[in-house]
>>> print(open('data04.cif').read())   # mmCIF, C-alpha atoms and all ligand atoms; chains and numbers go by the auth columns
data_protein
loop_
_atom_site.group_PDB
_atom_site.id
_atom_site.type_symbol
_atom_site.label_atom_id
_atom_site.label_comp_id
_atom_site.label_asym_id
_atom_site.label_seq_id
_atom_site.Cartn_x
_atom_site.Cartn_y
_atom_site.Cartn_z
_atom_site.B_iso_or_equiv
_atom_site.auth_seq_id
_atom_site.auth_asym_id
ATOM 1 C CA MET A 1 70.525 77.809 80.984 0.00 151 A
ATOM 2 C CA ARG A 2 69.728 81.379 80.031 0.00 152 A
ATOM 3 C CA GLU A 3 72.290 83.608 78.406 0.00 153 A
ATOM 4 C CA ALA A 4 72.442 85.904 81.437 0.00 154 A
ATOM 5 C CA CYS A 5 73.193 82.885 83.627 0.00 155 A
ATOM 6 C CA LEU A 6 76.090 81.974 81.362 0.00 156 A
ATOM 7 C CA GLU A 7 77.399 85.523 81.633 0.00 157 A
ATOM 8 C CA VAL A 8 77.217 85.409 85.414 0.00 158 A
ATOM 9 C CA THR A 9 78.994 82.063 85.417 0.00 159 A
ATOM 10 C CA ASP A 10 81.656 83.490 83.149 0.00 160 A
ATOM 11 C CA LEU A 11 82.117 86.534 85.393 0.00 161 A
ATOM 12 C CA VAL A 12 81.902 84.780 88.736 0.00 162 A
ATOM 13 C CA ALA A 13 85.268 86.156 89.909 0.00 163 A
ATOM 14 C CA GLU A 14 84.120 89.693 89.129 0.00 164 A
ATOM 15 C CA ALA A 15 80.794 88.985 90.815 0.00 165 A
ATOM 16 C CA ILE A 16 82.565 88.023 94.037 0.00 166 A
ATOM 17 C CA ASP A 17 84.390 91.339 93.911 0.00 167 A
ATOM 18 C CA GLY A 18 81.101 93.145 93.275 0.00 168 A
ATOM 19 C CA VAL A 19 82.128 94.638 89.949 0.00 169 A
ATOM 20 C CA LEU A 20 79.464 93.163 87.705 0.00 170 A
ATOM 21 C CA PRO A 21 77.604 95.236 85.130 0.00 171 A
ATOM 22 C CA ALA A 22 74.345 96.537 86.605 0.00 172 A
ATOM 23 C CA ARG A 23 72.197 94.476 84.267 0.00 173 A
ATOM 24 C CA LEU A 24 73.803 91.281 85.581 0.00 174 A
ATOM 25 C CA GLU A 25 73.371 92.436 89.176 0.00 175 A
ATOM 26 C CA ALA A 26 69.693 92.849 88.369 0.00 176 A
ATOM 27 C CA HIS A 27 69.577 89.382 86.840 0.00 177 A
ATOM 28 C CA ILE A 28 71.156 87.845 89.938 0.00 178 A
ATOM 29 C CA ASP A 29 68.522 89.514 92.098 0.00 179 A
ATOM 30 C CA ALA A 30 65.886 87.734 90.031 0.00 180 A
ATOM 31 C CA CYS A 31 67.614 84.397 89.452 0.00 181 A
ATOM 32 C CA ALA A 32 67.808 81.776 92.199 0.00 182 A
ATOM 33 C CA ASP A 33 70.336 79.730 90.228 0.00 183 A
ATOM 34 C CA CYS A 34 72.758 82.627 89.992 0.00 184 A
ATOM 35 C CA ARG A 35 72.290 83.570 93.644 0.00 185 A
ATOM 36 C CA GLU A 36 73.164 80.000 94.577 0.00 186 A
ATOM 37 C CA LEU A 37 76.176 80.053 92.271 0.00 187 A
ATOM 38 C CA LEU A 38 77.465 83.269 93.835 0.00 188 A
ATOM 39 C CA ARG A 39 76.769 82.076 97.358 0.00 189 A
ATOM 40 C CA GLU A 40 78.868 78.977 96.768 0.00 190 A
ATOM 41 C CA ALA A 41 81.575 80.865 94.913 0.00 191 A
ATOM 42 C CA THR A 42 81.808 83.466 97.660 0.00 192 A
ATOM 43 C CA ARG A 43 82.076 80.740 100.256 0.00 193 A
ATOM 44 C CA LEU A 44 84.932 79.142 98.314 0.00 194 A
ATOM 45 C CA SER A 45 86.615 82.507 97.906 0.00 195 A
ATOM 46 C CA ASP A 46 86.402 83.182 101.626 0.00 196 A
ATOM 47 C CA ALA A 47 87.824 79.739 102.335 0.00 197 A
ATOM 48 C CA ILE A 48 90.754 80.468 100.051 0.00 198 A
ATOM 49 C CA HIS A 49 91.381 83.805 101.747 0.00 199 A
ATOM 50 C CA ASP A 50 91.293 82.125 105.135 0.00 200 A
ATOM 51 C CA ALA A 51 93.755 79.494 103.976 0.00 201 A
ATOM 52 C CA GLY A 52 96.866 81.634 104.070 0.00 202 A
ATOM 53 C CA ASP A 53 98.445 85.050 104.243 0.00 203 A
ATOM 54 C CA GLY A 54 99.263 86.923 101.108 0.00 204 A
ATOM 55 C CA TYR A 55 97.159 84.783 98.857 0.00 205 A
ATOM 56 C CA GLN A 56 96.241 86.473 95.598 0.00 206 A
ATOM 57 C CA HIS A 57 93.766 85.312 93.037 0.00 207 A
ATOM 58 C CA ALA A 58 95.612 83.141 90.607 0.00 208 A
ATOM 59 C CA HIS A 59 95.089 83.657 86.934 0.00 209 A
ATOM 60 C CA ASP A 60 93.052 80.477 86.908 0.00 210 A
ATOM 61 C CA PHE A 61 90.959 81.353 89.961 0.00 211 A
ATOM 62 C CA GLU A 62 87.763 81.491 87.975 0.00 212 A
ATOM 63 C CA ALA A 63 88.374 78.113 86.416 0.00 213 A
ATOM 64 C CA ARG A 64 89.120 76.606 89.806 0.00 214 A
ATOM 65 C CA VAL A 65 85.900 77.953 91.282 0.00 215 A
ATOM 66 C CA LEU A 66 83.900 76.615 88.369 0.00 216 A
ATOM 67 C CA ALA A 67 85.615 73.252 88.631 0.00 217 A
ATOM 68 C CA ALA A 68 84.746 73.135 92.330 0.00 218 A
ATOM 69 C CA LEU A 69 81.139 73.950 91.590 0.00 219 A
ATOM 70 C CA ASP A 70 80.863 71.440 88.768 0.00 220 A
ATOM 71 C CA PRO A 71 82.327 68.019 89.552 0.00 221 A
ATOM 72 C CA ASP A 72 82.322 67.163 85.878 0.00 222 A
ATOM 73 C CA GLY A 73 84.771 69.980 85.334 0.00 223 A
ATOM 74 C CA VAL A 74 84.453 72.960 83.066 0.00 224 A
ATOM 75 C CA GLU A 75 87.363 73.968 80.928 0.00 225 A
ATOM 76 C CA PRO A 76 87.575 77.712 80.387 0.00 226 A
ATOM 77 C CA THR A 77 86.879 78.470 76.775 0.00 227 A
ATOM 78 C CA ARG A 78 88.637 81.815 76.752 0.00 228 A
ATOM 79 C CA PRO A 79 91.189 83.691 78.828 0.00 229 A
ATOM 80 C CA MET A 80 90.339 85.864 81.826 0.00 230 A
ATOM 81 C CA ARG A 81 91.118 89.107 80.107 0.00 231 A
ATOM 82 C CA ARG A 82 88.220 90.183 77.974 0.00 232 A
ATOM 83 C CA ARG A 83 87.421 92.908 75.576 0.00 233 A
ATOM 84 C CA SER A 84 85.339 95.598 77.189 0.00 234 A
ATOM 85 C CA ALA A 85 82.902 95.089 74.324 0.00 235 A
ATOM 86 C CA ASP A 86 81.714 91.962 76.160 0.00 236 A
ATOM 87 C CA PHE A 87 79.899 94.236 78.595 0.00 237 A
ATOM 88 C CA SER A 88 77.879 95.990 75.945 0.00 238 A
ATOM 89 C CA PRO A 89 74.147 95.253 75.917 0.00 239 A
HETATM 90 ZN ZN ZN B . 70.771 83.310 86.262 0.00 301 A
#
>>> encode(input="data04.cif", output="structure tokens")
Amino acid sequence: MREACLEVTDLVAEAIDGVLPARLEAHIDACADCRELLREATRLSDAIHDAGDGYQHAHDFEARVLAALDPDGVEPTRPMRRRSADFSP
């Protein structure tokens, strides 16, 4: 898996909200794996929104999406809040 793919996976919640850095948006345009990841994640997000009124993304939303996408389970390796330096090229 390429580094950009890992970044997209790590930022999947932001990607659903359309707030990714431009360079990752460009990567997604060129990467079928990431498009598939986002398609599935968006579908799950929509399903969650449809499930009930007043639902808000839980702090572990990203981990839950990743767990749903990967049956083997992926434990988050770091918290949701990140240093803005992570977005530097
Ligand atoms: Zn990718």
>>> residues_near_ligand(input="data04.cif", ligand="ligand ZN 301 (chain A)", cutoff="9 Å", atoms="only C-alpha atoms and all ligand atoms", output="MDAnalysis selection string")
chainID A and resid 151:159 174 177:185 187
>>> atom_distance(input="data04.cif", atom1="atom CA of A:Glu175", atom2="atom CA of A:Ala213")
20.9 Å
>>> resolve_selection(input="data04.cif", expression="the PyMOL selection byres (((chain A and resi 195) around 10) and not hetatm)", output="PyMOL selection string")
chain A and resi 163+166-167+189-194+196-201+207+211+215
>>> axis_aligned_box(input="data04.cif", around="stretch 207-217 of chain A", padding_each_side="8 Å", output="AutoDock Vina command-line options")
--center_x 89.8 --center_y 79.3 --center_z 89.7 --size_x 27.7 --size_y 28.1 --size_z 22.6
>>> atom_distance(input="data04.cif", atom1="atom CA of A:Val162", atom2="atom CA of A:Leu216")
8.4 Å
>>> build_atoms(input="data04.cif", residues="stretch 167-184 of chain A", atoms="N, CA and C atoms", output="PDB file, keeping the file's coordinate frame")
ATOM      1  N   ASP A 167      83.811  90.032  93.588  1.00  0.00           N
ATOM      2  CA  ASP A 167      84.390  91.339  93.911  1.00  0.00           C
ATOM      3  C   ASP A 167      83.363  92.466  93.798  1.00  0.00           C
ATOM      4  N   GLY A 168      82.168  92.153  93.347  1.00  0.00           N
ATOM      5  CA  GLY A 168      81.101  93.145  93.275  1.00  0.00           C
ATOM      6  C   GLY A 168      81.285  94.146  92.151  1.00  0.00           C
ATOM      7  N   VAL A 169      81.880  93.718  91.061  1.00  0.00           N
ATOM      8  CA  VAL A 169      82.128  94.638  89.949  1.00  0.00           C
ATOM      9  C   VAL A 169      81.384  94.210  88.684  1.00  0.00           C
ATOM     10  N   LEU A 170      80.246  93.578  88.870  1.00  0.00           N
ATOM     11  CA  LEU A 170      79.464  93.163  87.705  1.00  0.00           C
ATOM     12  C   LEU A 170      78.745  94.348  87.068  1.00  0.00           C
ATOM     13  N   PRO A 171      78.482  94.244  85.761  1.00  0.00           N
ATOM     14  CA  PRO A 171      77.604  95.236  85.130  1.00  0.00           C
ATOM     15  C   PRO A 171      76.236  95.225  85.818  1.00  0.00           C
ATOM     16  N   ALA A 172      75.611  96.393  85.866  1.00  0.00           N
ATOM     17  CA  ALA A 172      74.345  96.537  86.605  1.00  0.00           C
ATOM     18  C   ALA A 172      73.275  95.578  86.103  1.00  0.00           C
ATOM     19  N   ARG A 173      73.263  95.344  84.785  1.00  0.00           N
ATOM     20  CA  ARG A 173      72.197  94.476  84.267  1.00  0.00           C
ATOM     21  C   ARG A 173      72.365  93.050  84.775  1.00  0.00           C
ATOM     22  N   LEU A 174      73.616  92.622  85.035  1.00  0.00           N
ATOM     23  CA  LEU A 174      73.803  91.281  85.581  1.00  0.00           C
ATOM     24  C   LEU A 174      73.479  91.249  87.073  1.00  0.00           C
ATOM     25  N   GLU A 175      73.783  92.354  87.771  1.00  0.00           N
ATOM     26  CA  GLU A 175      73.371  92.436  89.176  1.00  0.00           C
ATOM     27  C   GLU A 175      71.861  92.276  89.269  1.00  0.00           C
ATOM     28  N   ALA A 176      71.158  92.939  88.366  1.00  0.00           N
ATOM     29  CA  ALA A 176      69.693  92.849  88.369  1.00  0.00           C
ATOM     30  C   ALA A 176      69.249  91.426  88.072  1.00  0.00           C
ATOM     31  N   HIS A 177      69.925  90.769  87.155  1.00  0.00           N
ATOM     32  CA  HIS A 177      69.577  89.382  86.840  1.00  0.00           C
ATOM     33  C   HIS A 177      69.761  88.488  88.063  1.00  0.00           C
ATOM     34  N   ILE A 178      70.878  88.683  88.768  1.00  0.00           N
ATOM     35  CA  ILE A 178      71.156  87.845  89.938  1.00  0.00           C
ATOM     36  C   ILE A 178      70.066  88.018  90.994  1.00  0.00           C
ATOM     37  N   ASP A 179      69.601  89.269  91.140  1.00  0.00           N
ATOM     38  CA  ASP A 179      68.522  89.514  92.098  1.00  0.00           C
ATOM     39  C   ASP A 179      67.284  88.684  91.768  1.00  0.00           C
ATOM     40  N   ALA A 180      67.103  88.412  90.478  1.00  0.00           N
ATOM     41  CA  ALA A 180      65.886  87.734  90.031  1.00  0.00           C
ATOM     42  C   ALA A 180      66.092  86.250  89.767  1.00  0.00           C
ATOM     43  N   CYS A 181      67.308  85.767  89.877  1.00  0.00           N
ATOM     44  CA  CYS A 181      67.614  84.397  89.452  1.00  0.00           C
ATOM     45  C   CYS A 181      68.165  83.577  90.617  1.00  0.00           C
ATOM     46  N   ALA A 182      67.389  82.608  91.063  1.00  0.00           N
ATOM     47  CA  ALA A 182      67.808  81.776  92.199  1.00  0.00           C
ATOM     48  C   ALA A 182      69.060  80.970  91.854  1.00  0.00           C
ATOM     49  N   ASP A 183      69.168  80.520  90.623  1.00  0.00           N
ATOM     50  CA  ASP A 183      70.336  79.730  90.228  1.00  0.00           C
ATOM     51  C   ASP A 183      71.621  80.536  90.375  1.00  0.00           C
ATOM     52  N   CYS A 184      71.563  81.794  89.925  1.00  0.00           N
ATOM     53  CA  CYS A 184      72.758  82.627  89.992  1.00  0.00           C
ATOM     54  C   CYS A 184      73.070  83.018  91.439  1.00  0.00           C
TER      55      CYS A 184
END
